[in-house]
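This is final18.cif. It holds mmCIF, C-alpha atoms and all ligand atoms.
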data_upload
loop_
_atom_site.label_atom_id
_atom_site.label_comp_id
_atom_site.auth_asym_id
_atom_site.auth_seq_id
_atom_site.Cartn_x
_atom_site.Cartn_y
_atom_site.Cartn_z
CA MET A 1 -134.14 200.53 129.59
CA ASN A 2 -136.61 199.24 127.01
CA ALA A 3 -139.26 196.56 127.44
CA TYR A 4 -137.16 194.04 125.53
CA SER A 5 -134.22 194.38 127.94
CA THR A 6 -136.51 194.18 130.96
CA ALA A 7 -138.09 191.02 129.60
CA LEU A 8 -134.65 189.53 128.98
CA LYS A 9 -133.53 190.30 132.51
CA GLU A 10 -136.63 188.65 133.92
CA GLN A 11 -136.13 185.62 131.72
CA VAL A 12 -132.47 185.17 132.63
CA GLY A 13 -132.90 185.93 136.35
CA PRO A 14 -129.87 187.03 138.36
CA MET A 15 -127.06 188.16 136.12
CA PRO A 16 -124.94 185.08 135.35
CA GLN A 17 -121.18 185.23 135.77
CA ILE A 18 -120.59 185.46 132.03
CA ILE A 19 -122.75 188.57 131.71
CA SER A 20 -120.99 190.48 134.47
CA LYS A 21 -117.65 189.37 132.98
CA LEU A 22 -118.75 190.63 129.57
CA ARG A 23 -119.65 193.99 131.10
CA GLN A 24 -116.24 194.36 132.77
CA ASP A 25 -114.37 193.18 129.69
CA THR A 26 -116.38 195.52 127.47
CA ILE A 27 -115.51 198.52 129.61
CA MET A 28 -111.84 197.50 129.35
CA LEU A 29 -112.18 197.08 125.58
CA LEU A 30 -113.73 200.53 125.18
CA ASN A 31 -110.96 201.90 127.39
CA GLY A 32 -108.40 200.47 124.96
CA GLU A 33 -107.02 198.00 127.54
CA ARG A 34 -108.09 194.74 125.88
CA ALA A 35 -106.95 193.56 122.47
CA GLY A 36 -110.32 191.96 121.65
CA HIS A 37 -113.28 189.97 122.93
CA MET A 38 -112.35 186.39 122.45
CA GLY A 39 -113.87 182.91 122.16
CA GLU A 40 -116.66 182.64 124.65
CA TYR A 41 -118.56 185.80 123.71
CA ALA A 42 -119.02 184.61 120.15
CA PHE A 43 -120.80 181.52 121.51
CA MET A 44 -123.18 183.11 123.97
CA PRO A 45 -126.59 181.46 124.00
CA GLN A 46 -129.54 182.97 122.28
CA ARG A 47 -131.52 183.78 125.39
CA TYR A 48 -129.13 186.67 125.93
CA VAL A 49 -129.65 188.15 122.50
CA GLY A 50 -132.78 186.66 120.99
CA ASP A 51 -133.07 184.54 117.88
CA PRO A 52 -131.94 184.84 115.07
CA LEU A 53 -128.92 186.82 116.25
CA SER A 54 -127.59 184.14 118.54
CA GLY A 55 -123.85 183.61 118.22
CA ILE A 56 -124.14 179.86 118.35
CA SER A 57 -126.77 179.62 115.61
CA SER A 58 -124.65 181.88 113.37
CA TRP A 59 -121.59 179.75 114.17
CA LYS A 60 -123.40 176.62 113.04
CA SER A 61 -123.94 178.31 109.66
CA VAL A 62 -120.38 179.66 109.52
CA VAL A 63 -118.86 176.18 109.78
CA GLN A 64 -121.04 174.82 106.96
CA ASN A 65 -118.64 176.52 104.53
CA PRO A 66 -116.30 173.74 103.30
CA ASP A 67 -113.39 176.22 103.28
CA PHE A 68 -113.88 177.29 106.86
CA PRO A 69 -110.95 175.98 108.95
CA ALA A 70 -113.19 173.97 111.31
CA ASN A 71 -114.48 172.08 108.30
CA ARG A 72 -111.05 171.57 106.77
CA GLU A 73 -109.90 170.20 110.11
CA LEU A 74 -112.14 167.19 109.54
CA HIS A 75 -109.88 166.02 106.69
CA LEU A 76 -107.17 165.44 109.25
CA LEU A 77 -109.19 162.81 111.02
CA ARG A 78 -109.39 160.77 107.84
CA HIS A 79 -105.65 161.02 107.20
CA PRO A 80 -104.04 157.60 107.85
CA GLY A 81 -101.24 159.34 109.77
CA PHE A 82 -103.76 160.70 112.26
CA HIS A 83 -104.66 157.27 113.54
CA GLU A 84 -101.10 156.03 113.57
CA LYS A 85 -99.30 159.06 114.98
CA ILE A 86 -101.95 160.62 117.18
CA THR A 87 -104.69 158.19 118.25
CA ASP A 88 -102.46 155.10 118.52
CA HIS A 89 -99.78 157.06 120.28
CA LEU A 90 -102.23 158.30 122.91
CA ILE A 91 -103.70 154.83 123.40
CA GLN A 92 -100.29 153.21 123.75
CA ALA A 93 -99.19 155.77 126.29
CA SER A 94 -102.30 155.09 128.41
CA ALA A 95 -102.07 151.41 129.34
CA ASN A 96 -104.29 151.87 132.39
CA GLY A 97 -106.77 154.22 130.80
CA ALA A 98 -107.03 158.01 130.81
CA SER A 99 -109.11 161.10 131.53
CA ILE A 100 -109.76 163.02 128.35
CA ILE A 101 -110.77 166.64 128.87
CA GLU A 102 -112.00 168.74 126.00
CA PHE A 103 -111.23 172.44 126.44
CA GLY A 104 -113.99 174.53 124.87
CA SER A 105 -116.10 171.53 123.82
CA GLY A 106 -118.34 173.77 121.71
CA THR A 107 -121.28 172.27 119.86
CA PRO A 108 -122.37 168.62 120.02
CA GLU A 109 -122.02 168.60 116.21
CA ALA A 110 -118.27 169.27 116.58
CA VAL A 111 -117.91 166.67 119.35
CA LYS A 112 -119.67 164.09 117.20
CA LEU A 113 -117.30 164.64 114.28
CA LYS A 114 -114.00 165.15 116.07
CA THR A 115 -114.06 163.79 119.62
CA ILE A 116 -116.30 160.74 119.43
CA PRO A 117 -114.16 158.86 116.86
CA LEU A 118 -111.14 159.33 119.15
CA LEU A 119 -113.07 158.19 122.25
CA GLU A 120 -114.42 155.17 120.37
CA ALA A 121 -110.94 154.09 119.28
CA PHE A 122 -109.73 154.50 122.85
CA ALA A 123 -112.65 152.57 124.32
CA ALA A 124 -112.22 149.75 121.77
CA ALA A 125 -108.54 149.36 122.67
CA ARG A 126 -108.66 149.85 126.44
CA GLY A 127 -112.27 149.15 127.40
CA LYS A 128 -115.03 151.57 128.30
CA ASP A 129 -114.22 151.46 132.01
CA ALA A 130 -110.72 152.73 131.33
CA LEU A 131 -111.86 156.08 130.02
CA ASP A 132 -113.38 159.29 131.45
CA TYR A 133 -114.52 162.22 129.35
CA THR A 134 -114.99 165.81 130.50
CA ALA A 135 -116.69 168.41 128.33
CA LEU A 136 -115.49 171.78 129.59
CA ASP A 137 -117.01 174.99 128.31
CA ILE A 138 -117.85 178.36 129.73
CA ILE A 139 -121.27 178.13 128.09
CA PRO A 140 -123.42 175.83 130.28
CA ASN A 141 -125.75 174.34 127.70
CA LEU A 142 -122.87 173.49 125.36
CA ALA A 143 -120.92 171.52 127.99
CA ALA A 144 -124.09 169.69 129.11
CA SER A 145 -125.19 168.66 125.62
CA CYS A 146 -121.68 167.41 124.71
CA LYS A 147 -121.58 165.28 127.86
CA THR A 148 -125.02 163.82 127.11
CA LEU A 149 -124.02 163.01 123.55
CA VAL A 150 -120.84 161.19 124.62
CA GLU A 151 -122.74 159.16 127.21
CA LYS A 152 -125.30 158.17 124.62
CA ASP A 153 -122.93 157.42 121.72
CA VAL A 154 -119.83 156.04 123.46
CA ASP A 155 -121.35 154.97 126.78
CA ILE A 156 -118.41 156.01 128.97
CA ARG A 157 -118.24 157.94 132.23
CA SER A 158 -118.63 161.62 131.33
CA GLN A 159 -119.04 164.91 133.09
CA ALA A 160 -119.89 168.46 132.05
CA MET A 161 -117.83 171.24 133.61
CA VAL A 162 -118.89 174.83 133.28
CA ARG A 163 -115.72 176.76 133.98
CA ASP A 164 -113.57 179.48 132.53
CA PHE A 165 -110.40 177.54 131.76
CA ILE A 166 -108.35 180.72 132.00
CA THR A 167 -109.40 181.79 135.47
CA ASP A 168 -110.78 178.57 136.99
CA SER A 169 -108.12 175.98 136.16
CA SER A 170 -107.46 175.36 139.87
CA ARG A 171 -111.13 174.33 140.25
CA ILE A 172 -110.97 171.59 137.61
CA HIS A 173 -110.36 168.09 138.91
CA LEU A 174 -109.94 164.92 136.89
CA ASP A 175 -109.93 161.38 138.18
CA ARG A 176 -107.69 159.13 136.24
CA PRO A 177 -104.19 160.02 135.05
CA PRO A 178 -102.82 160.43 132.47
CA HIS A 179 -104.80 163.53 131.63
CA ILE A 180 -105.14 164.29 127.95
CA GLY A 181 -106.35 167.73 126.87
CA LEU A 182 -108.14 168.20 123.54
CA LEU A 183 -107.74 171.58 121.87
CA TRP A 184 -109.76 171.29 118.67
CA GLY A 185 -110.72 174.27 116.57
CA GLY A 186 -107.97 176.59 117.75
CA THR A 187 -109.21 176.65 121.35
CA LEU A 188 -106.66 178.29 123.67
CA MET A 189 -105.07 180.09 120.71
CA ASN A 190 -107.86 182.61 121.11
CA VAL A 191 -107.28 183.55 124.74
CA PRO A 192 -108.07 187.14 125.71
CA TYR A 193 -105.06 189.34 126.00
CA TYR A 194 -104.30 192.91 126.81
CA LYS A 195 -102.96 195.78 124.77
CA GLY A 196 -99.18 195.76 124.90
CA LEU A 197 -98.91 192.08 125.82
CA ASP A 198 -97.54 189.60 123.32
CA HIS A 199 -100.23 187.13 122.20
CA ASP A 200 -97.91 184.10 121.96
CA PHE A 201 -96.50 184.82 125.40
CA THR A 202 -100.04 184.99 126.80
CA VAL A 203 -101.10 181.73 125.14
CA ALA A 204 -97.92 179.90 126.23
CA ASN A 205 -98.43 181.02 129.82
CA GLN A 206 -102.04 179.86 129.80
CA MET A 207 -101.13 176.54 128.26
CA ARG A 208 -98.48 175.98 130.92
CA LYS A 209 -100.67 177.20 133.77
CA ILE A 210 -103.69 175.09 132.84
CA GLY A 211 -101.48 172.10 132.03
CA LYS A 212 -99.75 172.28 135.40
CA ALA A 213 -102.92 172.86 137.41
CA LEU A 214 -104.57 169.79 135.88
CA GLY A 215 -101.54 167.62 135.24
CA VAL A 216 -102.19 167.55 131.48
CA GLY A 217 -99.51 165.12 130.22
CA SER A 218 -100.48 165.56 126.57
CA TYR A 219 -102.41 168.08 124.55
CA LEU A 220 -103.87 167.16 121.19
CA ALA A 221 -104.23 170.45 119.33
CA THR A 222 -105.20 171.41 115.81
CA THR A 223 -103.74 174.45 114.13
CA HIS A 224 -103.50 176.03 110.71
CA TYR A 225 -100.83 174.93 108.31
CA TRP A 226 -99.31 176.60 105.32
CA ALA A 227 -96.17 176.08 103.33
CA ASP A 228 -93.39 178.70 103.34
CA ASN A 229 -94.48 180.23 100.05
CA GLN A 230 -98.13 180.58 101.04
CA ASP A 231 -99.66 183.73 102.45
CA PRO A 232 -101.78 183.26 105.59
CA SER A 233 -104.19 185.96 104.40
CA GLN A 234 -105.52 183.24 102.06
CA CYS A 235 -107.49 182.11 105.15
CA LEU A 236 -109.49 185.34 105.10
CA ALA A 237 -112.28 184.66 102.56
CA PRO A 238 -114.22 182.01 104.55
CA TYR A 239 -114.36 184.47 107.47
CA GLN A 240 -115.84 187.27 105.38
CA THR A 241 -119.26 185.69 105.02
CA ASP A 242 -122.66 187.09 106.04
CA GLU A 243 -122.99 184.31 108.60
CA ASN A 244 -119.72 185.24 110.28
CA LYS A 245 -120.67 188.91 110.22
CA ALA A 246 -123.93 187.94 111.94
CA MET A 247 -121.94 186.15 114.63
CA VAL A 248 -119.78 189.23 115.20
CA ARG A 249 -122.91 191.38 115.29
CA SER A 250 -124.42 189.08 117.93
CA ILE A 251 -121.53 190.07 120.21
CA LEU A 252 -122.47 193.71 119.67
CA TYR A 253 -126.03 192.94 120.80
CA ASN A 254 -124.71 191.34 123.97
CA ILE A 255 -122.55 194.42 124.50
CA GLN A 256 -125.61 196.60 124.01
CA ARG A 257 -127.38 194.66 126.70
CA VAL A 258 -124.58 194.83 129.28
CA LEU A 259 -124.26 198.56 128.61
CA ASP A 260 -127.96 199.00 129.39
CA ASP A 261 -128.84 199.85 125.76
CA ALA A 262 -126.64 202.96 125.67
CA PHE A 263 -124.88 201.66 122.57
CA ASP A 264 -126.54 200.90 119.22
CA PRO A 265 -125.19 197.97 117.16
CA GLU A 266 -127.23 199.05 114.15
CA LEU A 267 -125.09 202.20 113.88
CA CYS A 268 -122.06 199.97 113.28
CA ASP A 269 -120.60 198.21 110.24
CA ILE A 270 -118.90 194.85 110.68
CA THR A 271 -115.41 194.52 109.22
CA ILE A 272 -113.24 191.41 108.90
CA ASP A 273 -109.64 191.81 107.73
CA TYR A 274 -106.22 190.22 107.96
CA ASN A 275 -103.60 192.03 110.05
CA HIS A 276 -100.18 191.16 108.61
CA THR A 277 -98.31 192.44 111.66
CA THR A 278 -100.09 190.33 114.25
CA HIS A 279 -100.87 187.36 111.90
CA THR A 280 -104.46 187.73 112.96
CA ILE A 281 -107.83 187.85 111.28
CA GLU A 282 -109.48 190.71 113.14
CA MET A 283 -113.27 190.77 113.26
CA GLY A 284 -115.00 193.76 114.71
CA ALA A 285 -117.17 196.81 114.30
CA VAL A 286 -116.83 200.40 113.20
CA SER A 287 -119.42 202.88 114.43
CA ARG A 288 -120.69 205.34 111.79
CA VAL A 289 -121.28 208.04 114.42
CA ASP A 290 -119.80 209.07 117.79
CA GLN A 291 -121.56 207.09 120.53
CA ILE A 292 -121.29 208.25 124.14
CA VAL A 293 -121.76 205.31 126.46
CA PRO A 294 -122.45 205.79 130.19
CA ILE A 295 -120.67 203.07 132.16
CA PRO A 296 -123.07 201.00 134.25
CA PRO A 297 -123.80 201.19 137.11
CA PHE A 298 -124.02 204.79 135.97
CA ASN A 299 -122.15 207.20 138.24
CA GLY A 300 -121.47 209.95 135.74
CA ALA A 301 -118.64 208.15 133.96
CA SER A 302 -118.89 207.54 130.24
CA LEU A 303 -116.80 206.40 127.29
CA THR A 304 -116.97 207.60 123.71
CA ILE A 305 -116.84 205.28 120.74
CA LYS A 306 -115.62 207.57 117.98
CA ALA A 307 -117.04 207.46 114.46
CA GLY A 308 -114.65 205.36 112.35
CA GLN A 309 -112.94 203.78 115.39
CA PHE A 310 -112.40 200.02 115.02
CA LEU A 311 -113.61 197.85 117.92
CA ASN A 312 -111.77 194.56 117.63
CA LEU A 313 -114.08 191.82 118.94
CA VAL A 314 -112.77 188.46 117.74
CA ASN A 315 -109.28 187.49 116.61
CA SER A 316 -108.31 184.35 114.80
CA VAL A 317 -104.56 183.99 115.16
CA LYS A 318 -102.68 182.23 112.36
CA LEU A 319 -99.30 180.88 113.44
CA ASP A 320 -97.09 178.89 111.10
CA PRO A 321 -95.85 175.48 112.34
CA PHE A 322 -92.54 176.89 113.55
CA GLN A 323 -94.27 179.65 115.52
CA TYR A 324 -96.68 177.12 117.02
CA ASP A 325 -93.93 174.72 118.07
CA THR A 326 -91.97 177.56 119.64
CA LEU A 327 -95.08 178.56 121.56
CA ALA A 328 -95.47 174.96 122.83
CA GLN A 329 -91.86 174.93 123.97
CA LYS A 330 -92.37 178.17 125.87
CA ALA A 331 -95.25 176.41 127.62
CA ASP A 332 -92.94 173.49 128.62
CA TYR A 333 -94.47 171.12 126.10
CA ARG A 334 -92.76 169.61 123.09
CA VAL A 335 -94.24 168.40 119.82
CA ILE A 336 -93.82 164.65 119.69
CA ASN A 337 -95.94 163.95 116.60
CA SER A 338 -97.77 165.93 113.95
CA VAL A 339 -99.92 165.26 110.91
CA VAL A 340 -100.86 167.61 108.05
CA ASP A 341 -104.00 167.03 105.98
CA GLU A 342 -103.73 166.21 102.29
CA GLN A 343 -104.69 169.73 101.20
CA ASN A 344 -101.99 171.24 103.48
CA HIS A 345 -104.45 173.41 105.37
CA GLN A 346 -104.55 172.04 108.88
CA ARG A 347 -102.18 170.33 111.26
CA ALA A 348 -102.78 168.12 114.28
CA VAL A 349 -100.04 168.18 116.90
CA LEU A 350 -99.44 166.03 119.92
CA LEU A 351 -97.73 167.97 122.69
CA GLN A 352 -96.13 166.25 125.65
CA TYR A 353 -95.22 167.85 128.93
CA ARG A 354 -91.47 168.01 129.30
CA GLY A 355 -91.27 169.83 132.60
CA PRO A 356 -89.68 173.19 133.23
CA ALA A 357 -86.41 173.59 131.30
C1 LIG A 401 -113.12 178.05 118.81
S1 LIG A 401 -114.47 177.30 119.66
C2 LIG A 401 -114.11 175.59 119.37
C3 LIG A 401 -115.29 174.70 119.66
C4 LIG A 401 -115.08 173.22 119.34
N1 LIG A 401 -114.03 172.63 120.17
C5 LIG A 401 -114.81 173.01 117.88
O1 LIG A 401 -113.76 172.47 117.54
O2 LIG A 401 -115.65 173.38 117.05
C6 LIG A 401 -114.04 177.63 121.32
C7 LIG A 401 -114.97 177.08 122.41
O3 LIG A 401 -114.34 177.37 123.65
C8 LIG A 401 -115.24 177.98 124.55
N2 LIG A 401 -114.44 178.90 125.36
C9 LIG A 401 -113.83 180.05 124.93
N3 LIG A 401 -113.16 180.62 125.94
C10 LIG A 401 -113.35 179.81 127.03
C11 LIG A 401 -112.90 179.88 128.37
N4 LIG A 401 -112.14 180.88 128.79
N5 LIG A 401 -113.25 178.88 129.22
C12 LIG A 401 -114.02 177.86 128.80
N6 LIG A 401 -114.49 177.74 127.53
C13 LIG A 401 -114.16 178.72 126.66
C14 LIG A 401 -116.28 178.66 123.68
O4 LIG A 401 -117.52 178.81 124.38
C15 LIG A 401 -116.35 177.70 122.50
O5 LIG A 401 -117.31 176.69 122.73
#

Can you give me the file's structure in the form of structure tokens?
Ligand SMILES: C[S@@+](CC[C@H](N)C(=O)[O-])C[C@H]1O[C@@H](n2cnc3c(N)ncnc32)[C@H](O)[C@@H]1O
Amino acid sequence: MNAYSTALKEQVGPMPQIISKLRQDTIMLLNGERAGHMGEYAFMPQRYVGDPLSGISSWKSVVQNPDFPANRELHLLRHPGFHEKITDHLIQASANGASIIEFGSGTPEAVKLKTIPLLEAFAAARGKDALDYTALDIIPNLAASCKTLVEKDVDIRSQAMVRDFITDSSRIHLDRPPHIGLLWGGTLMNVPYYKGLDHDFTVANQMRKIGKALGVGSYLATTHYWADNQDPSQCLAPYQTDENKAMVRSILYNIQRVLDDAFDPELCDITIDYNHTTHTIEMGAVSRVDQIVPIPPFNGASLTIKAGQFLNLVNSVKLDPFQYDTLAQKADYRVINSVVDEQNHQRAVLLQYRGPA
């Protein structure tokens, strides 16, 4: 172990849950059991990797690109139909107030642009006392800074929850029904899944499981949109930027750390391509040489990353509206309203629980 790793360990203290989870998931990935490293690892804070390779700082640059989906999503909020069909609908259905929980709240910048306008409209119509906000993220500092921002800007009761929404949904409690779940930025579409399992099936099960555990009556989700004659691979270019490659590389540095430095990210090239079979933008790494990686805690076992082998780290799944609505139905939700932005790139959908069929 080098001095840099030792210093990091001392700085971070006992290994946080996310680090031990990353180690286990990485061993599964190298074993070919996982289909990728999803969402949370791209957002890990810089103290685990060191500036300027932090995932979150790269992400902030990635979303500056006006063509990046998270940026295009903002056009939806200015669409007149959004207020009428989404915000007003939610307000009208919540005469006595509501608990709004944001799954994967992400950066305060995103909360400011997407969540705060919704909370303000709600508070103006129903009163500030009628509303609770929960910022839920697996990354502690993200959840905490989103909560602080909402308290400051909207002045409503807020809480930060640091949980894994996949494994901890039974430990999430909200006060005031109805419970409304926000899924901006494709959150929940990017759940981890395993080789051989169908992605849509996995997402639908998670949506149902989390929804049931929390009593989520409605989800407000944003997804991609494209017309029948458009090719989803058109989404690829804004992902193939240096900033996005830096974010993917930051995951490799975290992997290096949890594998006790036995793996070298600098021997890898980052590749980002569209997979037409899975409708997925796959972002990952290809090692230029064979790398033999002892599995910590080392007991003689090791895995080999072969030269030329693709390690899929992050997927961005692109479902068309029909596929998305089918997925919602499988999760026991139905689409009651939807709005498409003027450029036909993004779609906001309001899903309502309809109970088991
Ligand atoms: C695609 S980003 C979206 C962030 C933000 N909502 C936005 O629209 O920009 C997903 C967020 O979900 C968080 N996340 C991913 N998997 C998670 C999990 N299993 N439990 C809790 N948070 C998770 C990530 O840390 C990240 O902040």

May I have the centre and edge lengths, in Å to one decimal, of an axis-aligned box around the listed atoms of region 85-90 of chain A with 5 Å added to every side, as AutoDock Vina command-line options?
--center_x -102.0 --center_y 157.9 --center_z 118.9 --size_x 15.4 --size_y 15.5 --size_z 17.9

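Among all protein and nucleic acid residues, the ones that lie within 7 Å of ligand LIG 401 (chain A) when counting only C-alpha atoms and all ligand atoms are A:Met38, A:Gly39, A:Glu40, A:Phe43, A:Ala70, A:Phe103, A:Gly104, A:Ser105, A:Gly106, A:Thr107, A:Ala110, A:Leu136, A:Asp137, A:Ile138, A:Ile139, A:Leu142, A:Arg163, A:Asp164, A:Phe165, A:Ile166, A:Leu183, A:Trp184, A:Gly185, A:Gly186, A:Thr187, A:Val191.
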
- For Pro238 (chain A), please output as a PyMOL selection string all residues within 12 Å (counting all atoms listed in the file; exclusion window: fewer than 6 positions along the same chain). chain A and resi 61-72+244-245+272-274+281

- Message: Give me, as a PyMOL selection string, all polymer residues having an atom no more than 10 Å from Asp290 (chain A), counting all atoms listed in the file and skipping those fewer than 5 positions away in the same chain.
- Response: chain A and resi 267+304-309

Kindly provide the residues of region 130-231 of chain A that approach region 22-32 of chain A to within 12 Å, each paired with its closest atom pair and their distance in Å to one decimal, based on all atoms listed in the file, listed by chain and increasing number, as a Markdown table.
| residue | atom | partner | partner_atom | distance |
| --- | --- | --- | --- | --- |
| A:Pro192 | CA | A:Asp25 | CA | 9.6 |
| A:Tyr193 | CA | A:Leu29 | CA | 10.5 |
| A:Tyr194 | CA | A:Gly32 | CA | 8.8 |
| A:Lys195 | CA | A:Gly32 | CA | 7.2 |
| A:Gly196 | CA | A:Gly32 | CA | 10.4 |

- Task: Using all atoms listed in the file, find the one residue out of A:Ala237, A:Ala125, A:Ile56, A:Leu259 that sits nearest to Val293 (chain A).
- Result: A:Leu259

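The two atoms in question, CA of Ile292 (chain A) and CA of Asp242 (chain A), are spaced 27.9 Å apart.
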